[in-house]
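A short write-up of the structure that comes next.
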Amino acid sequence: MGTASLERYELMAPAIAPTARVAREFVTAVLVAAERHPLIESARICVSDTVANVVQHARVPVLAVEVTVHGDRVVVAVRDDDPVRRPYRRLGEATAEDEHGRGLALVRGLAAASGVTLVWRDLAVVGKSVWFELREPVALSA
């Protein structure tokens, strides 16, 4: 840990509700292998919400979950091939009674950084990637 190495893993899966569970297990396995145990719980919550968002809104048959382990951080991205439907920031806060609308806000709260990157082929947008970055807590010296 702490080296500048880069490890990248990818899972292709159908864009259906059970894929959120598959994505959680995939991300967990990568983080265990990379010895990033403190990040597992936040990663499981964030990837689950991000995959659920694609399943609900993107209307694509397949999605991809990419996990990149950097020396000091982990970036997880969920990619789909729908260039039209893009995530947007909800106006106002979701209330306790709302059944939807908290997922990406939760991701923003748990992640060190997050965003959306458009996927391009030549000069055309062909999809998007919703990503989040997690970092291990820095130990304070006494």
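In the structure tokens, chains take letters A, B, ... by order of appearance, with residues numbered from 1 within each chain and ligands from 1 in the order shown.
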Tell me, counting only C-alpha atoms, for each residue of range 61-81 of chain A within 9 Å of range 2-18 of chain A, which pair of atoms is nearest and how far apart they are in Å to one decimal, in rows ordered by chain and increasing number, as a Markdown table.
| residue | atom | partner | partner_atom | distance |
| --- | --- | --- | --- | --- |
| A:Pro61 | CA | A:Ala15 | CA | 5.3 |
| A:Val62 | CA | A:Pro14 | CA | 4.3 |
| A:Leu63 | CA | A:Ala15 | CA | 5.6 |
| A:Ala64 | CA | A:Met12 | CA | 4.5 |
| A:Val65 | CA | A:Leu11 | CA | 5.1 |
| A:Glu66 | CA | A:Glu10 | CA | 4.4 |
| A:Val67 | CA | A:Tyr9 | CA | 5.2 |
| A:Thr68 | CA | A:Arg8 | CA | 4.4 |
| A:Val69 | CA | A:Glu7 | CA | 5.1 |
| A:His70 | CA | A:Leu6 | CA | 4.9 |
| A:Gly71 | CA | A:Ala4 | CA | 4.6 |
| A:Asp72 | CA | A:Gly2 | CA | 5.7 |
| A:Asp80 | CA | A:Ala15 | CA | 8.8 |
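Taking CA of Val78 in chain A and CA of Val130 in chain A as endpoints, the distance between them is 5.3 Å.
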From a DSSP calculation on the backbone, collect every residue of range 1-141 of chain A in alpha helix (DSSP H) and output the set as number ranges by chain.
A: 19-33, 40-57, 103-110
Those in range 18-130 of chain A with strand (DSSP E or B) from DSSP, as an MDAnalysis selection string
chainID A and resid 62:69 74:80 113:121 124:130
Two-atom distance - CA of Leu134 in chain A, CA of Val75 in chain A (Å)
6.4 Å
Can you list, as a PyMOL selection string, every protein, DNA or RNA residue that comes within 9 Å of range 48-59 of chain A when you count only C-alpha atoms, leaving out same-chain residues fewer than 5 positions away?
chain A and resi 14-17+19-21+23-24+43+65+77-87+102-104+106-107+130-131
Go through A:Val74, A:Ala111, A:Val60, A:Trp120 one by one, measure the shortest atom-to-atom distance of each to His37 in chain A using only C-alpha atoms, and give the residue with the smallest value.
A:Val74
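Our summary of the geometry notes that CA of Lys128 in chain A is positioned 24.7 Å from CA of Glu41 in chain A.
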